[in-house]
Every structure is written in structure tokens, then in C-alpha cells.
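Listing of query_36.txt; format and content: compact mmCIF, C-alpha atoms.
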# COMPACT_ATOMS: atom_id res chain seq x y z
CA MET A 22 -77.61 126.48 126.97
CA ILE A 23 -76.09 125.05 123.75
CA THR A 24 -78.76 123.71 121.45
CA PRO A 25 -78.26 120.70 119.15
CA SER A 26 -78.53 122.97 116.10
CA LEU A 27 -75.67 125.16 117.40
CA ILE A 28 -73.48 122.10 117.94
CA PHE A 29 -74.20 121.01 114.33
CA ARG A 30 -73.24 124.45 112.98
CA ARG A 31 -69.97 124.49 114.96
CA ILE A 32 -68.94 121.04 113.73
CA PHE A 33 -70.09 121.51 110.11
CA PRO A 34 -69.66 125.10 108.93
CA ALA A 35 -71.92 126.22 106.10
CA VAL A 36 -69.29 125.82 103.34
CA ALA A 37 -68.42 122.26 104.34
CA LEU A 38 -72.06 121.34 104.67
CA THR A 39 -72.80 122.67 101.18
CA ALA A 40 -69.91 120.70 99.68
CA ALA A 41 -71.03 117.54 101.40
CA LEU A 42 -74.58 117.95 100.14
CA LEU A 43 -73.36 118.59 96.58
CA SER A 44 -71.17 115.46 96.74
CA VAL A 45 -74.13 113.37 97.82
CA ALA A 46 -76.21 114.82 95.00
CA ALA A 47 -73.48 114.05 92.45
CA CYS A 48 -73.23 110.45 93.62
CA ALA A 49 -76.95 110.11 93.33
CA THR A 50 -76.87 111.29 89.67
CA ASP A 51 -73.77 109.28 88.47
CA LYS A 52 -74.60 107.09 85.49
CA VAL A 53 -74.51 103.43 86.38
CA PRO A 54 -72.71 101.46 83.61
CA THR A 55 -74.86 99.04 81.70
CA PRO A 56 -73.99 95.34 81.47
CA ASP A 57 -72.89 95.90 77.85
CA GLU A 58 -70.58 98.75 78.90
CA ILE A 59 -69.07 96.63 81.66
CA LYS A 60 -68.56 93.80 79.18
CA GLN A 61 -66.86 96.20 76.73
CA ASP A 62 -64.55 97.57 79.43
CA ASN A 63 -63.58 94.03 80.38
CA ALA A 64 -62.88 93.20 76.72
CA ASP A 65 -60.72 96.31 76.36
CA ASN A 66 -58.70 95.45 79.44
CA ARG A 67 -58.31 91.85 78.36
CA ALA A 68 -57.17 92.87 74.87
CA ARG A 69 -54.59 95.26 76.31
CA GLN A 70 -53.35 92.51 78.60
CA LEU A 71 -52.99 90.11 75.65
CA LEU A 72 -50.98 92.70 73.73
CA ARG A 73 -48.66 93.22 76.70
CA VAL A 74 -48.13 89.49 77.13
CA GLY A 75 -47.54 89.15 73.39
CA ASP A 76 -44.96 91.93 73.48
CA ALA A 77 -43.18 90.27 76.39
CA SER A 78 -43.17 86.93 74.56
CA ARG A 79 -41.75 88.46 71.41
CA ALA A 80 -39.09 90.35 73.39
CA GLY A 81 -38.15 87.04 74.98
CA GLY A 82 -37.73 85.37 71.59
CA ASP A 83 -40.97 83.37 71.60
CA SER A 84 -42.56 84.84 68.48
CA ALA A 85 -44.93 81.90 67.97
CA SER A 86 -46.58 82.49 71.35
CA ALA A 87 -46.60 86.23 70.73
CA LEU A 88 -48.47 85.69 67.48
CA ALA A 89 -51.12 83.62 69.25
CA PHE A 90 -51.66 86.36 71.86
CA TYR A 91 -51.92 89.05 69.17
CA GLN A 92 -54.45 87.03 67.21
CA ARG A 93 -56.57 86.56 70.34
CA ALA A 94 -56.41 90.31 70.95
CA GLN A 95 -57.54 91.12 67.42
CA ALA A 96 -60.43 88.67 67.71
CA MET A 97 -61.46 90.41 70.92
CA ARG A 98 -61.13 93.95 69.53
CA PRO A 99 -61.44 93.79 65.72
CA ASP A 100 -61.77 97.59 65.55
CA TRP A 101 -58.29 98.23 67.00
CA ASP A 102 -55.29 98.63 64.71
CA ALA A 103 -52.59 97.57 67.20
CA PRO A 104 -53.35 93.81 67.23
CA TYR A 105 -53.34 93.63 63.41
CA ARG A 106 -50.09 95.57 63.21
CA ARG A 107 -48.34 93.28 65.68
CA THR A 108 -49.82 90.16 64.06
CA GLY A 109 -48.57 91.25 60.64
CA GLU A 110 -45.07 92.07 61.84
CA THR A 111 -44.72 88.83 63.77
CA ALA A 112 -46.22 86.61 61.09
CA LEU A 113 -43.86 88.07 58.48
CA ALA A 114 -40.88 87.44 60.75
CA LEU A 115 -42.02 83.82 61.14
CA GLY A 116 -42.41 83.38 57.38
CA MET A 117 -46.19 83.07 57.65
CA ALA A 118 -47.01 85.26 54.67
CA ALA A 119 -50.69 84.33 54.37
CA GLU A 120 -51.38 85.24 58.00
CA ALA A 121 -49.41 88.47 57.60
CA ALA A 122 -51.31 89.42 54.44
CA GLU A 123 -54.65 88.85 56.17
CA ALA A 124 -53.67 90.98 59.16
CA TYR A 125 -52.31 93.80 57.02
CA THR A 126 -55.36 93.72 54.76
CA ARG A 127 -57.59 94.26 57.79
CA LEU A 128 -55.24 96.94 59.11
CA THR A 129 -55.32 98.87 55.83
CA ALA A 130 -59.12 98.73 55.94
CA LEU A 131 -58.91 100.59 59.27
CA ALA A 132 -56.03 102.87 58.20
CA PRO A 133 -56.05 103.11 54.39
CA ASP A 134 -53.18 105.62 54.17
CA ASP A 135 -50.86 104.11 56.78
CA PRO A 136 -47.48 103.69 54.99
CA ALA A 137 -46.17 101.05 57.40
CA ALA A 138 -49.30 98.94 57.00
CA LEU A 139 -49.13 99.19 53.21
CA LEU A 140 -45.44 98.27 53.20
CA GLY A 141 -46.18 95.24 55.35
CA LEU A 142 -49.01 94.20 53.06
CA GLY A 143 -46.79 94.57 50.00
CA ARG A 144 -44.03 92.44 51.55
CA ALA A 145 -46.50 89.72 52.49
CA LEU A 146 -47.91 89.69 48.94
CA VAL A 147 -44.39 89.47 47.48
CA ALA A 148 -43.76 86.41 49.64
CA LEU A 149 -47.02 84.95 48.33
CA ASP A 150 -45.86 85.57 44.72
CA ARG A 151 -48.66 88.04 44.01
CA PRO A 152 -46.59 90.83 42.41
CA ASP A 153 -49.40 92.86 40.88
CA GLU A 154 -51.25 93.15 44.19
CA ALA A 155 -47.95 93.86 45.93
CA ALA A 156 -47.21 96.64 43.45
CA ASP A 157 -50.58 98.22 44.23
CA ALA A 158 -49.82 98.21 47.97
CA PHE A 159 -46.33 99.66 47.44
CA THR A 160 -47.72 102.33 45.10
CA ARG A 161 -50.19 103.40 47.78
CA ALA A 162 -47.37 103.42 50.35
CA HIS A 163 -45.27 105.62 48.06
CA GLU A 164 -48.17 108.02 47.56
CA ALA A 165 -48.67 108.22 51.34
CA ALA A 166 -44.94 108.74 52.03
CA PRO A 167 -43.12 109.90 48.85
CA GLN A 168 -39.77 110.28 50.60
CA ASP A 169 -39.71 106.72 51.96
CA HIS A 170 -37.34 104.73 49.74
CA ARG A 171 -38.70 101.41 51.02
CA ALA A 172 -41.85 101.68 48.91
CA LEU A 173 -39.71 102.16 45.78
CA ASN A 174 -37.61 99.15 46.79
CA GLY A 175 -40.78 97.11 47.11
CA LEU A 176 -42.04 98.30 43.74
CA GLY A 177 -38.76 97.20 42.21
CA VAL A 178 -39.08 93.71 43.65
CA ALA A 179 -42.70 93.47 42.48
CA ARG A 180 -41.70 94.44 38.93
CA ASP A 181 -38.82 91.94 38.95
CA LEU A 182 -41.23 89.18 39.98
CA ALA A 183 -43.54 90.19 37.15
CA GLY A 184 -40.66 89.93 34.67
CA ASP A 185 -40.28 93.68 34.09
CA HIS A 186 -36.61 94.06 35.03
CA ALA A 187 -36.14 97.41 33.27
CA GLY A 188 -39.06 98.83 35.24
CA ALA A 189 -37.68 97.32 38.44
CA GLN A 190 -34.29 98.95 37.90
CA ARG A 191 -35.93 102.36 37.43
CA PHE A 192 -37.61 102.01 40.81
CA TYR A 193 -34.39 100.89 42.52
CA ARG A 194 -32.53 103.88 41.09
CA GLN A 195 -35.31 106.24 42.18
CA GLY A 196 -34.98 104.78 45.67
CA LEU A 197 -31.20 105.22 45.62
CA ALA A 198 -31.68 108.88 44.72
CA LEU A 199 -33.52 109.20 48.05
CA ALA A 200 -31.30 106.84 50.05
CA PRO A 201 -27.87 106.49 48.37
CA ASP A 202 -26.52 104.30 51.18
CA SER A 203 -29.33 101.74 51.20
CA LEU A 204 -27.71 98.31 50.96
CA SER A 205 -31.08 96.72 50.28
CA LEU A 206 -31.62 98.89 47.20
CA LYS A 207 -28.08 98.29 45.96
CA ASN A 208 -28.40 94.53 46.42
CA ASN A 209 -31.78 94.40 44.70
CA LEU A 210 -30.55 96.53 41.82
CA GLY A 211 -27.59 94.19 41.36
CA LEU A 212 -29.82 91.13 41.42
CA SER A 213 -32.19 92.73 38.93
CA LEU A 214 -29.32 93.50 36.58
CA ALA A 215 -28.26 89.86 36.77
CA LEU A 216 -31.82 88.68 36.10
CA SER A 217 -31.84 90.79 32.94
CA GLY A 218 -28.50 89.31 31.83
CA LYS A 219 -26.39 92.40 32.56
CA PHE A 220 -23.81 90.47 34.55
CA ALA A 221 -20.93 92.93 34.30
CA ASP A 222 -23.11 95.75 35.68
CA ALA A 223 -24.53 93.41 38.32
CA ILE A 224 -21.06 92.35 39.49
CA GLN A 225 -19.93 95.97 39.65
CA THR A 226 -23.02 97.00 41.64
CA LEU A 227 -22.87 94.09 44.07
CA GLY A 228 -19.10 94.31 44.41
CA ASP A 229 -19.46 97.91 45.54
CA ALA A 230 -22.29 96.94 47.91
CA ALA A 231 -20.18 94.16 49.44
CA LYS A 232 -17.43 96.67 50.23
CA ALA A 233 -19.77 99.29 51.72
CA PRO A 234 -19.68 100.03 55.46
CA GLY A 235 -22.11 97.75 57.28
CA ALA A 236 -22.18 95.16 54.49
CA GLY A 237 -22.16 91.59 55.76
CA PRO A 238 -22.32 88.02 54.51
CA ARG A 239 -25.58 88.58 52.65
CA ALA A 240 -24.00 91.15 50.32
CA ARG A 241 -21.05 88.86 49.62
CA GLN A 242 -23.25 85.85 49.00
CA ASN A 243 -25.43 87.85 46.62
CA LEU A 244 -22.25 88.60 44.69
CA ALA A 245 -21.44 84.89 44.68
CA LEU A 246 -24.95 84.21 43.41
CA VAL A 247 -24.50 86.58 40.48
CA TYR A 248 -21.21 84.95 39.55
CA GLY A 249 -23.03 81.61 39.69
CA LEU A 250 -25.86 82.88 37.48
CA SER A 251 -23.28 84.12 34.99
CA GLY A 252 -21.71 80.65 34.90
CA ASP A 253 -18.46 81.56 36.70
CA MET A 254 -18.63 78.85 39.33
CA ASP A 255 -14.96 79.18 40.32
CA ARG A 256 -15.42 82.82 41.34
CA ALA A 257 -18.75 82.00 43.00
CA ALA A 258 -17.08 79.30 45.09
CA LYS A 259 -14.18 81.58 46.07
CA ILE A 260 -16.52 84.28 47.37
CA GLY A 261 -18.80 81.71 48.99
CA ARG A 262 -15.92 80.39 51.09
CA LEU A 263 -15.55 83.79 52.75
CA ASP A 264 -18.61 83.03 54.89
CA LEU A 265 -19.67 79.42 54.33
CA SER A 266 -18.41 75.91 54.95
CA GLU A 267 -17.23 73.78 52.05
CA SER A 268 -20.42 71.72 52.12
CA GLN A 269 -22.53 74.87 52.04
CA VAL A 270 -20.52 76.18 49.10
CA ARG A 271 -21.06 72.94 47.16
CA SER A 272 -24.78 73.11 47.91
CA ASN A 273 -24.95 76.70 46.64
CA LEU A 274 -23.11 75.83 43.44
CA LYS A 275 -25.72 73.17 42.70
CA ARG A 276 -28.44 75.72 43.39
CA TYR A 277 -26.87 78.21 40.98
CA GLU A 278 -26.86 75.59 38.25
CA THR A 279 -30.54 74.89 38.95
CA LEU A 280 -31.39 78.59 38.84
CA ARG A 281 -29.73 78.97 35.46
CA LYS A 282 -32.17 76.43 34.01
CA LEU A 283 -35.35 78.05 35.34
CA SER A 284 -37.72 80.34 33.47
CA ASP A 285 -37.20 84.06 33.97
CA LYS A 286 -40.09 84.47 36.40
CA ALA A 287 -39.24 81.35 38.38
CA ARG A 288 -35.63 82.51 38.64
CA ALA A 289 -36.72 85.97 39.82
CA ARG A 290 -38.99 84.42 42.43
CA ALA A 291 -36.19 82.19 43.73
CA VAL A 292 -33.67 85.05 43.81
CA HIS A 293 -35.90 87.63 45.50
CA THR A 294 -37.89 85.44 47.88
CA GLY A 295 -35.47 82.56 48.48
CA GLN A 296 -38.08 80.12 47.23
CA GLY A 297 -37.38 77.54 44.56
CA PRO A 298 -39.87 76.66 41.83
CA ASP A 299 -41.71 74.32 44.18
CA GLY A 300 -41.24 76.38 47.35

Go ahead and express the file in the form of C-alpha cells.
Amino acid sequence: MITPSLIFRRIFPAVALTAALLSVAACATDKVPTPDEIKQDNADNRARQLLRVGDASRAGGDSASALAFYQRAQAMRPDWDAPYRRTGETALALGMAAEAAEAYTRLTALAPDDPAALLGLGRALVALDRPDEAADAFTRAHEAAPQDHRALNGLGVARDLAGDHAGAQRFYRQGLALAPDSLSLKNNLGLSLALSGKFADAIQTLGDAAKAPGAGPRARQNLALVYGLSGDMDRAAKIGRLDLSESQVRSNLKRYETLRKLSDKARARAVHTGQGPDG
């Protein structure tokens, strides 16, 4: 006669029975998440979703919507660096310097030695015409990444905006020692030379930059600008016509005349940030 206990042993060998009992015990001791933990998990998932949607919007060319999604994500998770980083990048691209500066300031509070965050903060502060604060951010970026020429480029722009063109040119040349092919450094050095009245050197520097591989309309129009600042409107117009319509050239010539009448700092601000005295 087969007893019920024998049937049980045949169906559930000892090893399987032990495993089953251990599994039941484990389930019984699993920690049940608290309401606060569930709420936090939901916030994390929602913030990640907002970042993904923001990334998709930006990739699709809708930066304004992307910015809104990033800002919602940073409000939801103020201790994460990713939303601030994306907000700063997008706001700068949209010309929203105040929003970018706020995001990068919060990001640098979370990551004080992050070179990219400090560079972003410096650029936002330059756009806000706060050169001393910008110089501090670029100095910290340079200390965090001494071989990154972009921090030296930023320091040069900050010194130009403060009226220290000799100091600016030293930073640009230090940057070029690290990155000899940087068109941004060459262009900024040429502009700085023009701001300090060294037009022959500026024209030489920008002429070389305009001929460099990869140089485009911006380099040529910077050269036209320097000719305009020097008072050679005929040469400025000739170079301007390489990329611009006749009406655009006439508009630029008027701008050059206006720039020549500005104070040194106002001229530097207009040249480096594209903003006029009232912009």
C-alpha cells in the first residue's frame, strides 16, 4: 500500500522541497516599499521619461519644447546633474543666457570641478556681460582641465570684455599653443588685436584664419569687420560680398561705422557677443 506521505516524497524530492520552502521564507521577509519610496521611484521614472522626450524634441529641432521638458525634469529631481546640463546647453543654443546661467550655476554646485559645466557657465555669463564672473568660471575650468584650450579662449573673451586686450591676447596665444588649428582662437585673437587698434596684425591674423581649411563665412565676415573698424569700407564691402547680398553688405557697413563711435567696452561687447550697446 502506497501511503500519502510516500506519494508526497516521490513528487517533491527533498532538494526541491527545501528550495520551495526557502523561497516562501524569502518572500515572507522581503521589505515592502514605503509610500515615500514608491513616490520616489515614480518621480525617478517620470524624470527619466521627461529627459528622453526632451532629447527626442531637441533631435527633431524643437529646442523650445526640449527646454521645457528638461526644466520639468530638474524640478522633479533637483539632485540630478543631467537635467541642469541639458537645460544649460539648450538655453544657450536658444540665446537664453539667464536661464543657462541659472542651470549651470546649480550644476556646478553639484559638480564643482566639472569642466564642461564651468565652460557653460562662463559662456552664459559672457552673454550676460558679466566678464569678471565669467573669468572666474573659465579659470576654474582651466584648473580642472589644463589642456582644454576652450577655457583659455573663454578667458580671452572675458578679458576683452573687461577692456584688458593685452591680457586677452596672452590667453588666446596660450590656447593656440595647445590647439594651433583652432579657428575660434584665431578669430578671437584677430578681433582682440583690432579692438586694441593693431589693425595690420588683426588683418594678417584673420586673413590667415579665413584661408585655413574648414574656414567659412564667419571667418571672412570677421575679416570684413576688422577692415570696417579700421575705416577701410571699400575693402570691407568687397569681402562682405563674398557671402552676403548687397543689402546685407550696406547694413554691415552702417554697423561698422556705428561700432567705430562706441566706447572701447561697448565695442568689445558688440564684437564678441553680437550685441549692440542697447542689445

CA of His186 in chain A to CA of His293 in chain A measures 12.3 Å

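Take the candidates A:Ser266, A:Ser203, A:Ser213, A:Thr294 and check each one against Arg180 in chain A using only C-alpha atoms; the shortest distance goes to A:Ser213.
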
Selected residue, from A:Ala200, A:Leu115, A:Leu246, A:Leu176, that lies nearest to Leu216 in chain A when counting only C-alpha atoms: A:Leu246

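Going from CA of Val270 in chain A over to CA of Gly184 in chain A, you cover 28.3 Å.
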
Please provide the set of residues having any atom within 8 Å of range 231-244 of chain A, restricted to all atoms listed in the file, with same-chain residues fewer than 3 positions apart removed, written as a ChimeraX atom specification. /A:204,208,212,224,227-228,247-248,257,260-261,264

With a distance cut-off of 8 Å and all atoms listed in the file, select the neighbouring residues of range 98-104 of chain A, excluding the residue or stretch itself and same-chain residues fewer than 5 positions from it, and output the selection as a VMD selection string. chain A and resid 64 to 65 68 72 91 to 92 128 131 to 132

Up to 10 Å from (-24.9, 75.2, 41.6) in the file's coordinates: name the residues, counting all atoms listed in the file, as a ChimeraX atom specification. /A:246,249-250,252,254,257-258,270-281
